[in-house]
>>> print(open('model26.csv').read())   # CSV, C-alpha atoms
chain,number,residue,atom,x,y,z
S,1,ALA,CA,-40.3,-3.6,-68.6
S,2,LEU,CA,-41.8,-2.3,-71.8
S,3,SER,CA,-44.3,0.5,-71.5
S,4,LEU,CA,-46.6,1.3,-74.5
S,5,PRO,CA,-48.6,4.5,-75.1
S,6,TYR,CA,-51.7,2.6,-76.3
S,7,PRO,CA,-53.7,1.1,-73.5
S,8,PHE,CA,-56.2,-0.3,-75.9
S,9,LEU,CA,-53.6,-2.9,-77.0
S,10,PHE,CA,-54.1,-4.6,-73.7
S,11,LEU,CA,-57.9,-4.2,-73.3
S,12,CYS,CA,-58.5,-7.8,-74.3
S,13,LEU,CA,-56.3,-9.3,-71.6
S,14,GLY,CA,-59.2,-9.0,-69.3
S,15,ASP,CA,-62.7,-10.4,-69.6
S,16,CYS,CA,-63.5,-9.1,-73.1
S,17,GLN,CA,-66.8,-9.9,-74.7
S,18,LEU,CA,-65.7,-10.8,-78.2
S,19,GLN,CA,-67.9,-12.3,-80.8
S,20,THR,CA,-66.7,-15.8,-81.7
S,21,PRO,CA,-64.7,-16.6,-83.8
S,22,CYS,CA,-62.9,-13.2,-83.6
S,23,ARG,CA,-59.4,-13.9,-82.3
S,24,ILE,CA,-58.2,-10.4,-81.6
S,25,GLN,CA,-57.6,-11.3,-77.9
S,26,LYS,CA,-55.1,-14.1,-79.0
S,27,CYS,CA,-53.4,-11.6,-81.3
S,28,THR,CA,-52.9,-9.2,-78.5
S,29,THR,CA,-51.8,-11.8,-76.0
S,30,ASP,CA,-49.2,-13.1,-78.4
S,31,PHE,CA,-47.9,-9.5,-78.9
S,32,VAL,CA,-47.5,-9.0,-75.2
S,33,SER,CA,-45.6,-12.3,-74.9
S,34,LEU,CA,-43.3,-11.3,-77.7
S,35,THR,CA,-42.5,-7.8,-76.2
S,36,SER,CA,-42.7,-8.2,-72.5
S,37,HIS,CA,-39.0,-9.1,-72.2
S,38,LEU,CA,-37.8,-6.3,-74.4
S,39,ASN,CA,-35.9,-3.3,-72.9
S,40,SER,CA,-35.8,-0.1,-75.0
S,41,ALA,CA,-32.4,0.8,-73.5
S,42,LEU,CA,-30.7,-2.3,-75.0
S,43,ASP,CA,-29.3,-2.7,-78.5
S,44,GLY,CA,-31.6,-4.5,-80.9
S,45,PHE,CA,-34.8,-3.3,-79.3
S,46,ASP,CA,-36.2,-1.7,-82.5
S,47,LEU,CA,-35.4,-4.7,-84.6
S,48,GLU,CA,-37.2,-7.1,-82.3
S,49,PHE,CA,-40.1,-4.7,-81.6
S,50,CYS,CA,-40.7,-4.2,-85.3
S,51,LYS,CA,-40.8,-8.0,-85.8
S,52,ALA,CA,-43.4,-8.3,-83.1
S,53,LEU,CA,-45.5,-5.5,-84.6
S,54,ARG,CA,-45.4,-7.1,-88.0
S,55,ALA,CA,-46.6,-10.4,-86.5
S,56,TYR,CA,-49.3,-8.6,-84.6
S,57,SER,CA,-50.4,-6.8,-87.9
S,58,ALA,CA,-50.4,-10.2,-89.7
S,59,CYS,CA,-52.6,-11.7,-87.0
S,60,THR,CA,-55.1,-8.8,-87.2
S,61,TYR,CA,-55.2,-9.2,-91.0
S,62,ARG,CA,-56.1,-12.8,-90.8
S,63,ASN,CA,-59.0,-11.9,-88.5
S,64,SER,CA,-60.1,-8.9,-90.5
S,65,LYS,CA,-63.4,-10.5,-91.7
S,66,VAL,CA,-64.5,-12.2,-88.6
S,67,CYS,CA,-63.6,-9.2,-86.4
S,68,ARG,CA,-65.4,-6.7,-88.7
S,69,GLY,CA,-67.3,-4.3,-86.5
S,70,ASN,CA,-65.3,-5.1,-83.3
S,71,LEU,CA,-64.2,-1.8,-81.7
S,72,VAL,CA,-61.2,-3.5,-80.0
S,73,TYR,CA,-60.0,-4.9,-83.2
S,74,HIS,CA,-60.2,-1.6,-85.0
S,75,SER,CA,-58.4,0.2,-82.1
S,76,ALA,CA,-55.6,-2.4,-82.3
S,77,VAL,CA,-55.2,-1.9,-86.1
S,78,LEU,CA,-54.9,1.8,-85.6
S,79,GLY,CA,-52.5,1.4,-82.7
S,80,ILE,CA,-50.3,-1.0,-84.7
S,81,SER,CA,-50.1,1.5,-87.5
S,82,ASP,CA,-49.2,4.4,-85.2
S,83,LEU,CA,-46.5,2.3,-83.4
S,84,MET,CA,-45.0,1.2,-86.7
S,85,SER,CA,-44.8,4.8,-87.8
S,86,GLN,CA,-43.2,5.9,-84.5
S,87,ARG,CA,-40.6,3.1,-84.7
S,88,ASN,CA,-40.0,3.5,-88.4
S,89,CYS,CA,-40.9,-0.1,-88.9
S,90,SER,CA,-41.3,-1.3,-92.5
S,91,LYS,CA,-44.5,-3.2,-93.4
S,92,ASP,CA,-42.4,-5.9,-95.1
S,93,GLY,CA,-39.8,-7.8,-93.3
S,94,PRO,CA,-39.3,-10.7,-90.8
S,95,THR,CA,-41.8,-11.4,-88.1
S,96,SER,CA,-41.5,-12.9,-84.7
S,97,SER,CA,-42.8,-16.4,-84.0
S,98,THR,CA,-45.9,-16.5,-81.9
S,99,ASN,CA,-44.3,-19.3,-79.8
S,100,PRO,CA,-42.6,-17.5,-76.9
S,101,GLU,CA,-40.3,-20.4,-76.4
S,102,VAL,CA,-38.4,-19.5,-79.6
S,103,THR,CA,-38.8,-15.8,-79.9
S,104,HIS,CA,-35.8,-14.6,-78.0
S,105,ASP,CA,-32.6,-13.7,-79.8
S,106,PRO,CA,-29.9,-16.3,-78.9
S,107,CYS,CA,-27.3,-13.6,-79.5
S,108,ASN,CA,-28.7,-11.3,-76.9
S,109,TYR,CA,-27.8,-12.6,-73.4
S,110,SER,CA,-29.9,-9.9,-71.6
S,111,GLY,CA,-33.0,-11.0,-73.5
S,112,ARG,CA,-32.5,-14.6,-72.6
S,113,LEU,CA,-31.9,-13.7,-68.9
S,114,GLY,CA,-34.9,-11.5,-68.8
S,115,THR,CA,-37.1,-14.4,-70.0
S,116,ARG,CA,-35.9,-16.6,-67.2
S,117,GLU,CA,-36.5,-14.0,-64.6
S,118,LEU,CA,-40.0,-13.2,-65.8
S,119,ARG,CA,-41.0,-16.8,-65.8
S,120,GLY,CA,-39.8,-17.1,-62.2
S,121,GLY,CA,-42.4,-14.5,-61.2
S,122,GLU,CA,-40.1,-11.7,-60.2
S,123,GLN,CA,-36.9,-9.9,-61.1
S,124,THR,CA,-33.8,-11.1,-59.4
S,125,PRO,CA,-30.7,-9.0,-58.6
S,126,SER,CA,-27.9,-9.0,-61.2
S,127,SER,CA,-25.7,-12.0,-60.9
S,128,ASP,CA,-22.9,-10.3,-63.0
S,129,LEU,CA,-19.4,-10.4,-61.7
S,130,PHE,CA,-16.5,-7.9,-61.9
S,131,CYS,CA,-12.8,-8.3,-62.3
S,132,GLY,CA,-10.1,-5.6,-62.7
S,133,LEU,CA,-6.3,-5.4,-63.0
S,134,PHE,CA,-4.2,-2.2,-62.8
S,135,GLY,CA,-1.0,-0.7,-61.5
S,136,ASP,CA,1.7,-2.7,-59.8
S,137,PRO,CA,-0.3,-4.9,-60.4
S,138,HIS,CA,-3.4,-4.8,-58.2
S,139,LEU,CA,-6.1,-7.4,-58.8
S,140,ARG,CA,-9.8,-7.3,-57.9
S,141,THR,CA,-11.2,-10.8,-58.3
S,142,PHE,CA,-14.7,-11.9,-59.2
S,143,LYS,CA,-15.2,-12.5,-55.5
S,144,ASP,CA,-14.3,-8.8,-54.7
S,145,HIS,CA,-11.0,-9.9,-53.1
S,146,PHE,CA,-8.3,-7.3,-53.5
S,147,GLN,CA,-4.7,-8.5,-54.0
S,148,THR,CA,-1.4,-7.1,-55.0
S,149,CYS,CA,0.8,-9.5,-56.9
S,150,LYS,CA,4.1,-10.1,-58.7
S,151,VAL,CA,2.9,-12.4,-61.5
S,152,GLU,CA,5.8,-11.7,-63.9
S,153,GLY,CA,5.3,-13.0,-67.4
S,154,ALA,CA,2.1,-14.3,-69.0
S,155,TRP,CA,-0.9,-15.2,-66.7
S,156,PRO,CA,-4.5,-16.1,-67.4
S,157,LEU,CA,-7.1,-13.8,-65.8
S,158,ILE,CA,-10.0,-15.6,-67.4
S,159,ASP,CA,-10.2,-19.0,-69.2
S,160,ASN,CA,-13.8,-20.3,-69.5
S,161,ASN,CA,-15.9,-21.8,-72.2
S,162,TYR,CA,-16.7,-18.4,-73.7
S,163,LEU,CA,-13.8,-16.1,-73.1
S,164,SER,CA,-10.1,-16.2,-72.4
S,165,VAL,CA,-8.1,-13.2,-71.1
S,166,GLN,CA,-4.3,-13.3,-70.7
S,167,VAL,CA,-2.0,-10.5,-69.4
S,168,THR,CA,1.7,-10.2,-69.6
S,169,ASN,CA,3.5,-8.4,-66.9
S,170,VAL,CA,7.0,-7.0,-67.1
S,171,PRO,CA,9.4,-5.8,-64.4
S,172,LEU,CA,9.2,-2.1,-63.6
S,173,VAL,CA,12.8,-2.1,-62.7
S,174,PRO,CA,15.4,-4.6,-63.9
S,175,GLY,CA,16.2,-7.0,-61.1
S,176,SER,CA,13.1,-6.3,-59.0
S,177,SER,CA,9.8,-8.2,-58.6
S,178,ALA,CA,7.6,-5.2,-59.1
S,179,THR,CA,5.7,-5.6,-62.4
S,180,ALA,CA,3.1,-3.9,-64.5
S,181,THR,CA,1.0,-5.0,-67.5
S,182,ASN,CA,2.3,-4.2,-71.0
S,183,LYS,CA,0.2,-6.8,-73.0
S,184,ILE,CA,-3.3,-8.0,-73.0
S,185,THR,CA,-4.8,-10.8,-75.2
S,186,ILE,CA,-8.5,-11.4,-75.3
S,187,ILE,CA,-10.1,-14.3,-77.1
S,188,PHE,CA,-13.9,-14.3,-77.7
S,189,LYS,CA,-14.6,-17.9,-78.5
S,190,SER,CA,-17.0,-18.8,-81.3
S,191,TYR,CA,-20.6,-19.1,-80.2
S,192,GLN,CA,-23.5,-20.6,-82.2
S,193,ASP,CA,-24.3,-18.2,-85.1
S,194,CYS,CA,-23.5,-15.2,-83.0
S,195,THR,CA,-19.8,-14.8,-83.7
S,196,ASP,CA,-16.8,-16.6,-85.0
S,197,GLN,CA,-13.7,-16.6,-82.8
S,198,LYS,CA,-12.3,-13.1,-82.4
S,199,VAL,CA,-8.9,-12.2,-81.0
S,200,TYR,CA,-8.0,-8.8,-79.5
S,201,GLN,CA,-4.5,-7.9,-78.6
S,202,ALA,CA,-3.1,-4.7,-77.0
S,203,VAL,CA,0.4,-3.8,-76.2
S,204,THR,CA,2.0,-0.6,-74.8
S,205,ASP,CA,1.6,2.2,-77.3
S,206,ASP,CA,-0.6,0.1,-79.6
S,207,LEU,CA,-4.2,0.0,-78.4
S,208,PRO,CA,-6.1,-0.9,-81.6
S,209,ALA,CA,-9.8,-0.3,-82.0
S,210,ALA,CA,-10.1,-3.6,-84.0
S,211,PHE,CA,-9.5,-7.3,-83.6
S,212,VAL,CA,-6.4,-8.8,-85.0
S,213,ASP,CA,-8.2,-9.7,-88.2
S,214,GLY,CA,-8.9,-6.0,-88.8
S,215,THR,CA,-12.7,-6.3,-88.1
S,216,THR,CA,-14.5,-4.2,-85.5
S,217,SER,CA,-17.4,-6.5,-84.9
S,218,GLY,CA,-18.5,-10.1,-84.8
S,219,GLY,CA,-21.8,-11.8,-85.9
S,220,ASP,CA,-24.5,-10.3,-88.2
S,221,SER,CA,-23.7,-6.8,-89.5
S,222,ASP,CA,-27.1,-5.6,-88.3
S,223,THR,CA,-27.2,-7.0,-84.8
S,224,LYS,CA,-23.4,-6.8,-84.0
S,225,SER,CA,-23.5,-9.3,-81.2
S,226,LEU,CA,-19.8,-8.4,-80.6
S,227,ARG,CA,-18.3,-5.0,-81.2
S,228,ILE,CA,-15.4,-2.7,-80.4
S,229,VAL,CA,-15.8,1.0,-79.4
S,230,GLU,CA,-12.9,3.3,-79.1
S,231,SER,CA,-14.0,5.7,-76.3
S,232,VAL,CA,-10.7,7.6,-76.1
S,233,SER,CA,-8.4,7.4,-79.1
S,234,GLY,CA,-5.3,5.3,-78.4
S,235,ARG,CA,-6.1,5.3,-74.7
S,236,CYS,CA,-9.3,3.4,-74.0
S,237,VAL,CA,-11.2,0.6,-75.9
S,238,GLU,CA,-14.4,-1.0,-75.0
S,239,MET,CA,-15.6,-4.4,-76.1
S,240,HIS,CA,-19.3,-5.3,-75.9
S,241,ALA,CA,-20.2,-9.0,-76.3
S,242,LYS,CA,-24.0,-8.9,-76.3
S,243,TYR,CA,-24.3,-12.6,-76.9
S,244,ILE,CA,-22.6,-13.4,-73.5
S,245,GLY,CA,-23.7,-10.2,-71.7
S,246,THR,CA,-20.0,-9.2,-71.2
S,247,THR,CA,-18.3,-5.8,-71.3
S,248,VAL,CA,-14.5,-5.3,-71.3
S,249,PHE,CA,-12.5,-2.1,-70.9
S,250,VAL,CA,-8.9,-1.9,-71.8
S,251,ARG,CA,-6.9,1.3,-71.1
S,252,GLN,CA,-3.3,2.5,-71.4
S,253,VAL,CA,-2.3,4.8,-68.6
S,254,GLY,CA,1.3,6.0,-68.9
S,255,ARG,CA,3.4,3.1,-70.1
S,256,TYR,CA,1.1,0.3,-68.9
S,257,LEU,CA,-2.3,-1.2,-69.4
S,258,THR,CA,-5.3,-1.8,-67.2
S,259,LEU,CA,-8.3,-4.1,-67.7
S,260,ALA,CA,-11.8,-4.2,-66.3
S,261,ILE,CA,-14.5,-6.8,-67.1
S,262,ARG,CA,-18.1,-7.5,-66.3
S,263,MET,CA,-19.5,-11.0,-67.0
S,264,PRO,CA,-22.5,-13.1,-66.0
S,265,LYS,CA,-21.7,-15.4,-63.1
S,266,GLU,CA,-23.0,-18.5,-64.9
S,267,LEU,CA,-20.7,-18.0,-67.8
S,268,ALA,CA,-17.7,-16.9,-65.8
S,269,MET,CA,-17.9,-20.1,-63.8
S,270,ALA,CA,-18.4,-22.3,-66.9
S,271,TYR,CA,-15.0,-23.9,-67.2
S,272,GLU,CA,-13.3,-27.3,-66.9
S,273,GLU,CA,-11.3,-28.5,-63.9
S,274,SER,CA,-8.1,-28.1,-65.9
S,275,GLN,CA,-8.8,-24.4,-66.3
S,276,ASP,CA,-8.7,-23.5,-62.6
S,277,LEU,CA,-5.6,-21.2,-62.9
S,278,GLN,CA,-7.6,-18.0,-63.5
S,279,LEU,CA,-6.6,-15.0,-61.5
S,280,CYS,CA,-10.0,-13.4,-61.7
S,281,VAL,CA,-11.6,-16.6,-60.3
S,282,ASN,CA,-9.1,-17.8,-57.7
S,283,GLY,CA,-6.7,-14.9,-57.2
S,284,CYS,CA,-3.0,-15.0,-57.3
S,285,PRO,CA,-1.0,-18.0,-56.0
S,286,SER,CA,0.2,-17.3,-52.5
S,287,SER,CA,3.8,-17.4,-53.7
S,288,GLU,CA,3.0,-14.4,-56.0
S,289,ARG,CA,1.3,-12.2,-53.4
S,290,ILE,CA,2.9,-9.0,-52.2
S,291,ASP,CA,0.2,-7.9,-49.9
S,292,ASP,CA,-0.8,-9.6,-46.6
S,293,SER,CA,-4.6,-9.9,-46.7
S,294,GLY,CA,-4.9,-6.5,-48.2
S,295,HIS,CA,-2.2,-4.8,-46.2
S,296,LEU,CA,0.6,-3.3,-48.4
S,297,PRO,CA,4.1,-3.0,-47.1
S,298,LEU,CA,5.5,0.5,-47.6
S,299,PRO,CA,8.9,1.2,-49.2
S,300,VAL,CA,11.4,3.1,-47.1
S,301,MET,CA,10.6,6.8,-47.6
S,302,GLY,CA,12.7,8.4,-50.3
S,303,GLN,CA,14.8,5.4,-51.1
S,304,LEU,CA,15.4,4.2,-54.6
S,305,LEU,CA,14.3,0.7,-55.5
S,306,PRO,CA,17.0,-2.0,-55.8
S,307,HIS,CA,19.1,-1.9,-59.0
S,308,VAL,CA,17.9,1.6,-59.9
S,309,SER,CA,20.7,3.8,-61.0
S,310,SER,CA,20.8,7.1,-59.1
S,311,ALA,CA,21.3,8.7,-62.6
S,312,GLN,CA,17.9,7.5,-63.7
S,313,PRO,CA,15.4,10.4,-63.7
S,314,ARG,CA,12.4,9.9,-61.4
S,315,SER,CA,10.3,11.8,-58.9
S,316,ILE,CA,10.7,10.8,-55.3
S,317,TYR,CA,7.6,10.8,-53.1
S,318,THR,CA,7.4,10.8,-49.3
S,319,VAL,CA,4.4,9.1,-47.6
S,320,GLU,CA,2.9,12.6,-47.1
S,321,SER,CA,3.4,13.8,-50.6
S,322,ALA,CA,2.2,10.5,-52.1
S,323,THR,CA,-0.9,10.7,-49.9
S,324,THR,CA,-1.6,14.2,-51.0
S,325,LYS,CA,-1.1,13.3,-54.7
S,326,CYS,CA,-3.5,10.4,-54.5
S,327,HIS,CA,-6.1,12.4,-52.5
S,328,GLU,CA,-6.3,14.9,-55.4
S,329,LYS,CA,-8.2,12.2,-57.4
S,330,MET,CA,-9.6,9.8,-54.8
S,331,LEU,CA,-11.4,11.2,-51.8
S,332,VAL,CA,-12.3,7.9,-50.3
S,333,LYS,CA,-9.4,6.1,-48.5
S,334,ASP,CA,-10.2,2.6,-49.8
S,335,LEU,CA,-7.8,0.0,-51.3
S,336,TYR,CA,-7.7,1.9,-54.5
S,337,PHE,CA,-6.4,5.0,-52.7
S,338,TYR,CA,-3.8,2.9,-50.7
S,339,SER,CA,-2.8,1.2,-53.9
S,340,CYS,CA,-2.1,4.6,-55.4
S,341,VAL,CA,0.1,5.5,-52.4
S,342,PHE,CA,1.9,2.2,-52.6
S,343,ASP,CA,2.6,2.5,-56.3
S,344,LEU,CA,3.9,6.1,-56.0
S,345,LEU,CA,6.3,5.1,-53.3
S,346,THR,CA,7.4,2.0,-55.2
S,347,THR,CA,7.8,3.6,-58.6
S,348,GLY,CA,7.8,7.3,-58.3
S,349,ASP,CA,5.7,7.4,-61.4
S,350,ALA,CA,2.7,9.8,-61.2
S,351,ASN,CA,0.9,7.9,-64.0
S,352,PHE,CA,0.0,5.2,-61.4
S,353,THR,CA,-2.2,7.8,-59.7
S,354,ALA,CA,-4.2,8.1,-62.9
S,355,ALA,CA,-4.2,4.3,-63.2
S,356,ALA,CA,-5.8,3.8,-59.8
S,357,HIS,CA,-8.3,6.6,-60.4
S,358,SER,CA,-9.4,5.2,-63.8
S,359,ALA,CA,-9.6,1.7,-62.3
S,360,LEU,CA,-12.0,2.9,-59.7
S,361,LYS,CA,-14.1,4.7,-62.4
S,362,ASP,CA,-14.3,1.4,-64.3
S,363,VAL,CA,-15.6,-0.2,-61.1
S,364,GLU,CA,-18.3,2.4,-60.9
S,365,ALA,CA,-19.2,1.9,-64.6
S,366,LEU,CA,-19.2,-1.9,-64.6
S,367,HIS,CA,-19.6,-3.3,-61.1
S,368,PRO,CA,-23.3,-4.3,-60.6
S,369,ARG,CA,-23.5,-3.6,-56.9
S,370,LYS,CA,-22.8,0.0,-55.8
S,371,GLU,CA,-22.5,-1.0,-52.1
S,372,ARG,CA,-19.4,-3.0,-53.1
S,373,TRP,CA,-17.6,-0.4,-55.2
S,374,HIS,CA,-15.2,0.5,-52.4
S,375,ILE,CA,-13.2,-2.1,-50.6
S,376,PHE,CA,-11.5,-1.2,-47.3
S,377,PRO,CA,-8.6,-3.1,-45.7
S,378,HIS,CA,-9.0,-4.7,-42.4
S,379,SER,CA,-7.5,-2.8,-39.5
S,380,GLY,CA,-4.4,-4.4,-38.0
S,381,ASN,CA,-0.7,-4.1,-37.7
S,382,GLY,CA,1.8,-3.8,-40.5
S,383,GLY,CA,1.4,-1.9,-43.8
S,384,ILE,CA,-1.4,0.3,-44.9
S,385,GLY,CA,-4.7,-0.3,-43.1
S,386,GLN,CA,-8.1,1.3,-42.9
S,387,ASN,CA,-7.4,3.1,-39.7
S,388,SER,CA,-3.8,3.9,-40.6
S,389,LYS,CA,-2.8,7.5,-40.9
S,390,LEU,CA,0.4,6.4,-42.6
S,391,PRO,CA,2.7,7.5,-39.8
S,392,VAL,CA,6.5,7.5,-40.2
S,393,SER,CA,6.8,4.6,-37.8
S,394,LEU,CA,7.1,0.9,-38.2
S,395,GLY,CA,5.2,1.1,-41.5
S,396,LEU,CA,7.9,3.4,-42.9
S,397,VAL,CA,10.9,1.3,-41.9
S,398,CYS,CA,9.2,-1.8,-43.4
S,399,LEU,CA,11.4,-2.5,-46.4
S,400,ILE,CA,9.6,-3.9,-49.4
S,401,LEU,CA,11.5,-7.1,-49.1
S,402,VAL,CA,8.5,-9.2,-49.9
S,403,ALA,CA,8.2,-7.5,-53.3
S,404,PHE,CA,11.8,-7.3,-54.3
S,405,LEU,CA,13.5,-10.5,-53.0
>>> encode(input="model26.csv", output="structure tokens")
Amino acid sequence: ALSLPYPFLFLCLGDCQLQTPCRIQKCTTDFVSLTSHLNSALDGFDLEFCKALRAYSACTYRNSKVCRGNLVYHSAVLGISDLMSQRNCSKDGPTSSTNPEVTHDPCNYSGRLGTRELRGGEQTPSSDLFCGLFGDPHLRTFKDHFQTCKVEGAWPLIDNNYLSVQVTNVPLVPGSSATATNKITIIFKSYQDCTDQKVYQAVTDDLPAAFVDGTTSGGDSDTKSLRIVESVSGRCVEMHAKYIGTTVFVRQVGRYLTLAIRMPKELAMAYEESQDLQLCVNGCPSSERIDDSGHLPLPVMGQLLPHVSSAQPRSIYTVESATTKCHEKMLVKDLYFYSCVFDLLTTGDANFTAAAHSALKDVEALHPRKERWHIFPHSGNGGIGQNSKLPVSLGLVCLILVAFL
């Protein structure tokens, strides 16, 4: 909620005794309606606030004669001048409409959402959803279901009326079913006057900080309702789509890519029946699952994967050494931790430790509900479980036949 340093701006919201026909109370009420939904932490705040201030100033000017001698009126005029100076607002420029129904920026989803919440009488918890993909590959769906899948080739993560995300997974080892992501294609679909269609594509060793057309933003050059930010050169790119309230992180860790996305539920679920094959929405098909309800089968300790030449250089992890390696970066033994152990035992590639760690950091940055950041597997028999101490027992002699048949 917006907090202003000038209490006199709101004096007339009560039972003010104003001389008719002075309309300063209406000017102040309109200003409150125009600014009550604004959040100073969001992009575009200054632009919208200055528009509202200019509208407020114009309203006071129209009432200058009839409100002459009114102390509240003169206090408002001084307050407007001070606020315009603080916010570096020019006196000339666009003004906000005094009709609250049409004042909100259609290219700012947060602003539109805030309006609906305020009219409902109270703020509601965020309805944003999170989806992530990393490692071998491990999928966290919009429903916070955690799966490990094969899904070789091109698969749609998201395909709704606003956004399409497709990943391409390649075998880690020729002849096996273990895969990892080496290509990500994201299509931001055209939306009103906010942006034309923009396509982003990343492949291994080519993580551009621009769309395929060479631009780094969509929409008006001032508001930038869609923009790309390179947070780590060549390693991490962020895409912020303000008009649909969506944020996407794409990373390269080692030789493979990871993805994390936060999107409003009402937009994520806006798709046709023919678009139901979306891994973020419905998870992997059962025929593509490696895990068993979150339980991961462990490879035989120290054995090479099928079809891997003994001459190929790689580090060999035991259950104990893989556990120790993953524990260096992840202290909580949740499914991200166990996925790290699984990937080290499956591939011997220490980069998968960093992939699991960065995936969890992306959850902490984007997932709207802190109490759901960590997902723990159900206790039970077979594979890695919440209460498992990873003993060299049945879990260790469980060949990864499910993954590599």
>>> closest_atom_pairs(input="model26.csv", of="segment 114-207 of chain S", to="segment 345-351 of chain S", cutoff="12 Å", atoms="only C-alpha atoms", output="JSON lines")
{"residue": "S:Phe134", "atom": "CA", "partner": "S:Asn351", "partner_atom": "CA", "distance": 11.4}
{"residue": "S:Gly135", "atom": "CA", "partner": "S:Asn351", "partner_atom": "CA", "distance": 9.2}
{"residue": "S:Asp136", "atom": "CA", "partner": "S:Thr346", "partner_atom": "CA", "distance": 8.7}
{"residue": "S:Pro137", "atom": "CA", "partner": "S:Thr346", "partner_atom": "CA", "distance": 11.6}
{"residue": "S:Pro171", "atom": "CA", "partner": "S:Thr347", "partner_atom": "CA", "distance": 11.2}
{"residue": "S:Leu172", "atom": "CA", "partner": "S:Thr347", "partner_atom": "CA", "distance": 7.7}
{"residue": "S:Val173", "atom": "CA", "partner": "S:Thr347", "partner_atom": "CA", "distance": 8.6}
{"residue": "S:Ser176", "atom": "CA", "partner": "S:Thr346", "partner_atom": "CA", "distance": 10.8}
{"residue": "S:Ser177", "atom": "CA", "partner": "S:Thr346", "partner_atom": "CA", "distance": 11.0}
{"residue": "S:Ala178", "atom": "CA", "partner": "S:Thr346", "partner_atom": "CA", "distance": 8.2}
{"residue": "S:Thr179", "atom": "CA", "partner": "S:Thr347", "partner_atom": "CA", "distance": 10.2}
{"residue": "S:Ala180", "atom": "CA", "partner": "S:Thr347", "partner_atom": "CA", "distance": 10.6}
>>> residues_around(input="model26.csv", residues="segment 275-285 of chain S", least_positions_apart="6", cutoff="6 Å", atoms="only C-alpha atoms", output="ChimeraX atom specification")
/S:131,141-142,156-158
>>> write_last_selection(input="model26.csv", atoms="C-alpha atoms", output="PDB file, in the coordinates of the input")
ATOM      1  CA  CYS S 131     -12.800  -8.300 -62.300  1.00  0.00           C
ATOM      2  CA  THR S 141     -11.200 -10.800 -58.300  1.00  0.00           C
ATOM      3  CA  PHE S 142     -14.700 -11.900 -59.200  1.00  0.00           C
ATOM      4  CA  PRO S 156      -4.500 -16.100 -67.400  1.00  0.00           C
ATOM      5  CA  LEU S 157      -7.100 -13.800 -65.800  1.00  0.00           C
ATOM      6  CA  ILE S 158     -10.000 -15.600 -67.400  1.00  0.00           C
TER       7      ILE S 158
END
>>> atom_distance(input="model26.csv", atom1="atom CA of Leu331 of chain S", atom2="atom CA of Pro368 of chain S")
21.4 Å
>>> residues_around(input="model26.csv", residues="Thr95 of chain S", least_positions_apart="3", cutoff="10 Å", atoms="only C-alpha atoms", output="list in words")
Leu47, Glu48, Phe49, Cys50, Lys51, Ala52, Leu53, Arg54, Ala55, Tyr56, Ser57, Ala58, Asp92, Thr98 and Thr103 of chain S
>>> write_last_selection(input="model26.csv", atoms="C-alpha atoms", output="PDB file, in the coordinates of the input")
ATOM      1  CA  LEU S  47     -35.400  -4.700 -84.600  1.00  0.00           C
ATOM      2  CA  GLU S  48     -37.200  -7.100 -82.300  1.00  0.00           C
ATOM      3  CA  PHE S  49     -40.100  -4.700 -81.600  1.00  0.00           C
ATOM      4  CA  CYS S  50     -40.700  -4.200 -85.300  1.00  0.00           C
ATOM      5  CA  LYS S  51     -40.800  -8.000 -85.800  1.00  0.00           C
ATOM      6  CA  ALA S  52     -43.400  -8.300 -83.100  1.00  0.00           C
ATOM      7  CA  LEU S  53     -45.500  -5.500 -84.600  1.00  0.00           C
ATOM      8  CA  ARG S  54     -45.400  -7.100 -88.000  1.00  0.00           C
ATOM      9  CA  ALA S  55     -46.600 -10.400 -86.500  1.00  0.00           C
ATOM     10  CA  TYR S  56     -49.300  -8.600 -84.600  1.00  0.00           C
ATOM     11  CA  SER S  57     -50.400  -6.800 -87.900  1.00  0.00           C
ATOM     12  CA  ALA S  58     -50.400 -10.200 -89.700  1.00  0.00           C
ATOM     13  CA  ASP S  92     -42.400  -5.900 -95.100  1.00  0.00           C
ATOM     14  CA  THR S  98     -45.900 -16.500 -81.900  1.00  0.00           C
ATOM     15  CA  THR S 103     -38.800 -15.800 -79.900  1.00  0.00           C
TER      16      THR S 103
END
>>> closest_residue(input="model26.csv", among="S:Leu344, S:Ala209, S:Ile244, S:Ala359", to="Lys265 of chain S", atoms="all atoms listed in the file")
S:Ile244
>>> closest_residue(input="model26.csv", among="S:Asn160, S:Asn88, S:Thr324, S:Ser339", to="Phe146 of chain S", atoms="only C-alpha atoms")
S:Ser339
>>> closest_residue(input="model26.csv", among="S:Val319, S:Ile186, S:Leu42, S:Leu139", to="Val250 of chain S", atoms="all atoms listed in the file")
S:Ile186
>>> atom_distance(input="model26.csv", atom1="atom CA of Phe376 of chain S", atom2="atom CA of Asp334 of chain S")
4.7 Å
>>> closest_residue(input="model26.csv", among="S:His357, S:Asp193, S:Asp46, S:Ile187", to="Arg87 of chain S", atoms="all atoms listed in the file")
S:Asp46
>>> residues_around(input="model26.csv", residues="Leu226 of chain S", least_positions_apart="5", cutoff="6 Å", atoms="all atoms listed in the file", output="list of chain:residue names")
S:Ser217, S:Gly218, S:His240, S:Ala241
>>> atom_distance(input="model26.csv", atom1="atom CA of Met330 of chain S", atom2="atom CA of Leu207 of chain S")
26.1 Å
>>> closest_residue(input="model26.csv", among="S:Cys194, S:Ala154, S:Val170, S:Ala210", to="Cys107 of chain S", atoms="all atoms listed in the file")
S:Cys194
